[in-house]
Amino acid sequence: MSQIFLFLFLIGVFIYGMTLLRLGLFNLSAHSLKLWLTKLTDTPWKGLLAGIVITCILQSSSAVMVITIGLISARLLTFPQSIGIILGTNIGTTLTTVLITFDLERFLVPLAICGAILILMRKRKLRSIGLIIFGIASVFTSMNGFERLAGPLSSIEFVHHLLLHLDDSYLYSILTGTFITAIIQSSTATTGIIMGFLTNRVVQLDTGIAIMLGSNIGTCVTAFIAAIGAGREARLSAYAHIWLNIIGVIAFYPFISLLSTIGVQLASEVDTQLAYIGVLFNVISSLLVLPFATSFGVLVMKVHDRK
């Protein structure tokens, strides 16, 4: 039981680290980010690029979607402009999953100490840099914890049975990824957890891919909640976010085994394989939809805007 509590604690540490990292980056660039979103999104292609860059900076597709919905609610953006941004956030968020595969174990204690010292400084910029550094240390510490706990957790009877069921069904794996991400509000955290299990060979790569696909749907919950009461176009943007991710997962569902085979060719480490597959999935699905972004927006309006 103590292992489960420790695992839940590590999830909290991961999310806390991501929050600190996001806050520090946002403090350094908030004005510029909002300016980019309002000025550089007049076409889907520009929106895509702006979404990628800003999501890479903030390290969170959910955060960018919340900002986008806020700007739509304030009538600084329109619903059609958000389509390109949504596609861009799906690509930009893959940078985080690639970054967490790096081995920084030997630097974690110095990073944490350096970050803590900078957080205590008076200057806002130094504090923001401290938040970023301490956040990185927290994220990688929790990742190391996931890897060490994966083995002991899998020996617990109900966890073992759950993992067996997941290995037997892609659908259950996708639903699990959706459910976990909807609860913890972070697709990156879900992917990080699965990377720990993959590294210990507790689950198969194709199961990890299915869970990762599900996390893309689960991360839409944050944007949907943010859109409640935010106005008509903001709600349409949230619906578009949901449908784009659901359609992408449905389209790739038959090719999970193929993605697993491709992943083995891309990298030797299984966690890196999952990260690269996440990049492939989001880049391909976003680029396939981009030429039809305007038509897709019209379709969403017909379905969800009966006026």
# chains A, B, ... in the order shown; residues from 1 in each chain; ligands from 1

$ residues_around --residues "segment 226-240 of chain A" --least-positions-apart "2" --cutoff "7 Å" --atoms "only C-alpha atoms" --output "PyMOL selection string"
chain A and resi 66+69+72-73+78-79+82+222-224+242-244+300-301+304

$ write_last_selection --atoms "N, CA and C atoms" --output "PDB file, in the first residue's frame"
ATOM      1  N   VAL A  66      -6.163  27.013 -22.809  1.00  0.00           N
ATOM      2  CA  VAL A  66      -6.852  27.876 -21.835  1.00  0.00           C
ATOM      3  C   VAL A  66      -6.626  29.352 -22.191  1.00  0.00           C
ATOM      4  N   ILE A  69      -8.718  30.116 -25.339  1.00  0.00           N
ATOM      5  CA  ILE A  69     -10.136  30.259 -25.015  1.00  0.00           C
ATOM      6  C   ILE A  69     -10.390  31.587 -24.297  1.00  0.00           C
ATOM      7  N   ILE A  72     -10.388  34.223 -26.955  1.00  0.00           N
ATOM      8  CA  ILE A  72     -11.634  34.156 -27.725  1.00  0.00           C
ATOM      9  C   ILE A  72     -12.770  34.782 -26.928  1.00  0.00           C
ATOM     10  N   SER A  73     -12.813  34.464 -25.634  1.00  0.00           N
ATOM     11  CA  SER A  73     -13.848  35.023 -24.774  1.00  0.00           C
ATOM     12  C   SER A  73     -13.759  36.545 -24.706  1.00  0.00           C
ATOM     13  N   THR A  78     -10.889  34.767 -32.887  1.00  0.00           N
ATOM     14  CA  THR A  78     -12.145  34.167 -33.322  1.00  0.00           C
ATOM     15  C   THR A  78     -12.004  32.653 -33.337  1.00  0.00           C
ATOM     16  N   PHE A  79     -13.144  31.960 -33.391  1.00  0.00           N
ATOM     17  CA  PHE A  79     -13.117  30.503 -33.427  1.00  0.00           C
ATOM     18  C   PHE A  79     -12.311  29.953 -34.607  1.00  0.00           C
ATOM     19  N   SER A  82      -8.661  29.713 -34.068  1.00  0.00           N
ATOM     20  CA  SER A  82      -8.192  28.748 -33.065  1.00  0.00           C
ATOM     21  C   SER A  82      -7.892  27.372 -33.650  1.00  0.00           C
ATOM     22  N   THR A 222      -9.442  19.812 -19.938  1.00  0.00           N
ATOM     23  CA  THR A 222      -9.051  21.119 -19.395  1.00  0.00           C
ATOM     24  C   THR A 222      -9.636  22.256 -20.218  1.00  0.00           C
ATOM     25  N   ALA A 223      -9.500  22.143 -21.550  1.00  0.00           N
ATOM     26  CA  ALA A 223     -10.031  23.185 -22.433  1.00  0.00           C
ATOM     27  C   ALA A 223     -11.552  23.245 -22.354  1.00  0.00           C
ATOM     28  N   PHE A 224     -12.197  22.089 -22.245  1.00  0.00           N
ATOM     29  CA  PHE A 224     -13.651  22.061 -22.171  1.00  0.00           C
ATOM     30  C   PHE A 224     -14.147  22.757 -20.895  1.00  0.00           C
ATOM     31  N   ILE A 242     -11.680  18.715 -28.983  1.00  0.00           N
ATOM     32  CA  ILE A 242     -12.088  17.349 -28.658  1.00  0.00           C
ATOM     33  C   ILE A 242     -12.202  16.492 -29.917  1.00  0.00           C
ATOM     34  N   TRP A 243     -12.898  17.005 -30.929  1.00  0.00           N
ATOM     35  CA  TRP A 243     -13.129  16.234 -32.143  1.00  0.00           C
ATOM     36  C   TRP A 243     -11.837  15.953 -32.903  1.00  0.00           C
ATOM     37  N   LEU A 244     -10.936  16.937 -32.952  1.00  0.00           N
ATOM     38  CA  LEU A 244      -9.672  16.724 -33.653  1.00  0.00           C
ATOM     39  C   LEU A 244      -8.881  15.581 -33.026  1.00  0.00           C
ATOM     40  N   VAL A 300     -17.855  21.880 -37.461  1.00  0.00           N
ATOM     41  CA  VAL A 300     -18.053  21.996 -36.010  1.00  0.00           C
ATOM     42  C   VAL A 300     -19.181  22.960 -35.704  1.00  0.00           C
ATOM     43  N   MET A 301     -19.237  24.069 -36.436  1.00  0.00           N
ATOM     44  CA  MET A 301     -20.301  25.050 -36.234  1.00  0.00           C
ATOM     45  C   MET A 301     -21.666  24.457 -36.576  1.00  0.00           C
ATOM     46  N   HIS A 304     -22.450  21.897 -33.590  1.00  0.00           N
ATOM     47  CA  HIS A 304     -22.559  22.385 -32.198  1.00  0.00           C
ATOM     48  C   HIS A 304     -23.134  23.798 -32.084  1.00  0.00           C
TER      49      HIS A 304
END

$ closest_atom_pairs --of "segment 147-251 of chain A" --to "segment 262-267 of chain A" --cutoff "12 Å" --atoms "only C-alpha atoms" --output "JSON lines"
{"residue": "A:Gln204", "atom": "CA", "partner": "A:Val264", "partner_atom": "CA", "distance": 11.8}
{"residue": "A:Leu205", "atom": "CA", "partner": "A:Gly263", "partner_atom": "CA", "distance": 8.6}
{"residue": "A:Asp206", "atom": "CA", "partner": "A:Gly263", "partner_atom": "CA", "distance": 9.5}
{"residue": "A:Gly208", "atom": "CA", "partner": "A:Gly263", "partner_atom": "CA", "distance": 11.4}
{"residue": "A:Ile209", "atom": "CA", "partner": "A:Gly263", "partner_atom": "CA", "distance": 9.7}

$ closest_residue --among "A:Leu120, A:Cys220, A:Ile52, A:Ile183" --to "Gly12 of chain A" --atoms "only C-alpha atoms"
A:Ile183

$ closest_residue --among "A:Leu8, A:Leu164, A:Leu99, A:Leu37" --to "Gly84 of chain A" --atoms "only C-alpha atoms"
A:Leu37

$ atom_distance --atom1 "atom CA of Leu76 of chain A" --atom2 "atom CA of Asn245 of chain A"
24.7 Å

$ residues_around --residues "Thr294 of chain A" --least-positions-apart "3" --cutoff "8 Å" --atoms "only C-alpha atoms" --output "number ranges by chain"
A: 44, 80, 83, 291, 297-298

$ select_by_dssp --residues "segment 14-227 of chain A" --states "alpha helix (DSSP H)" --output "number ranges by chain"
A: 14-39, 44-58, 61-73, 79-92, 94-99, 108-119, 124-154, 157-168, 170-184, 187-199, 205-218, 220-227

$ closest_residue --among "A:Gly70, A:Gly145, A:Gly278, A:Gly135" --to "Leu6 of chain A" --atoms "only C-alpha atoms"
A:Gly145

$ residues_around --residues "Ser61 of chain A" --least-positions-apart "4" --cutoff "9 Å" --atoms "only C-alpha atoms" --output "ChimeraX atom specification"
/A:51,54-56,65-66,86,88-93,187,219

$ write_last_selection --atoms "N, CA and C atoms" --output "PDB file, in the first residue's frame"
ATOM      1  N   GLY A  51       0.971  28.000 -32.563  1.00  0.00           N
ATOM      2  CA  GLY A  51       0.623  27.004 -31.557  1.00  0.00           C
ATOM      3  C   GLY A  51       1.800  26.124 -31.179  1.00  0.00           C
ATOM      4  N   ILE A  54       4.461  28.384 -29.126  1.00  0.00           N
ATOM      5  CA  ILE A  54       3.999  28.771 -27.788  1.00  0.00           C
ATOM      6  C   ILE A  54       3.855  27.548 -26.883  1.00  0.00           C
ATOM      7  N   THR A  55       3.410  26.426 -27.447  1.00  0.00           N
ATOM      8  CA  THR A  55       3.318  25.209 -26.642  1.00  0.00           C
ATOM      9  C   THR A  55       4.701  24.706 -26.244  1.00  0.00           C
ATOM     10  N   CYS A  56       5.669  24.825 -27.141  1.00  0.00           N
ATOM     11  CA  CYS A  56       7.049  24.456 -26.792  1.00  0.00           C
ATOM     12  C   CYS A  56       7.575  25.336 -25.667  1.00  0.00           C
ATOM     13  N   MET A  65      -4.314  26.150 -24.718  1.00  0.00           N
ATOM     14  CA  MET A  65      -5.733  26.121 -25.032  1.00  0.00           C
ATOM     15  C   MET A  65      -6.530  27.010 -24.078  1.00  0.00           C
ATOM     16  N   VAL A  66      -6.163  27.013 -22.809  1.00  0.00           N
ATOM     17  CA  VAL A  66      -6.852  27.876 -21.835  1.00  0.00           C
ATOM     18  C   VAL A  66      -6.626  29.352 -22.191  1.00  0.00           C
ATOM     19  N   ILE A  86      -4.923  24.946 -32.306  1.00  0.00           N
ATOM     20  CA  ILE A  86      -5.166  23.621 -31.726  1.00  0.00           C
ATOM     21  C   ILE A  86      -4.242  22.581 -32.358  1.00  0.00           C
ATOM     22  N   GLY A  88      -1.436  23.122 -33.786  1.00  0.00           N
ATOM     23  CA  GLY A  88      -0.064  23.423 -33.369  1.00  0.00           C
ATOM     24  C   GLY A  88       0.237  22.958 -31.956  1.00  0.00           C
ATOM     25  N   THR A  89      -0.737  23.093 -31.053  1.00  0.00           N
ATOM     26  CA  THR A  89      -0.502  22.654 -29.668  1.00  0.00           C
ATOM     27  C   THR A  89      -0.280  21.148 -29.605  1.00  0.00           C
ATOM     28  N   ASN A  90      -0.996  20.404 -30.453  1.00  0.00           N
ATOM     29  CA  ASN A  90      -0.824  18.946 -30.462  1.00  0.00           C
ATOM     30  C   ASN A  90       0.594  18.547 -30.872  1.00  0.00           C
ATOM     31  N   ILE A  91       1.194  19.331 -31.758  1.00  0.00           N
ATOM     32  CA  ILE A  91       2.579  19.052 -32.167  1.00  0.00           C
ATOM     33  C   ILE A  91       3.560  19.558 -31.103  1.00  0.00           C
ATOM     34  N   GLY A  92       3.342  20.768 -30.626  1.00  0.00           N
ATOM     35  CA  GLY A  92       4.275  21.381 -29.669  1.00  0.00           C
ATOM     36  C   GLY A  92       4.410  20.611 -28.375  1.00  0.00           C
ATOM     37  N   THR A  93       3.314  19.970 -27.931  1.00  0.00           N
ATOM     38  CA  THR A  93       3.360  19.258 -26.654  1.00  0.00           C
ATOM     39  C   THR A  93       4.260  18.025 -26.700  1.00  0.00           C
ATOM     40  N   SER A 187      -1.414  15.211 -20.064  1.00  0.00           N
ATOM     41  CA  SER A 187      -1.062  14.089 -20.941  1.00  0.00           C
ATOM     42  C   SER A 187       0.416  13.747 -20.803  1.00  0.00           C
ATOM     43  N   THR A 219      -6.679  15.017 -22.437  1.00  0.00           N
ATOM     44  CA  THR A 219      -6.175  16.371 -22.199  1.00  0.00           C
ATOM     45  C   THR A 219      -7.163  17.442 -22.663  1.00  0.00           C
TER      46      THR A 219
END
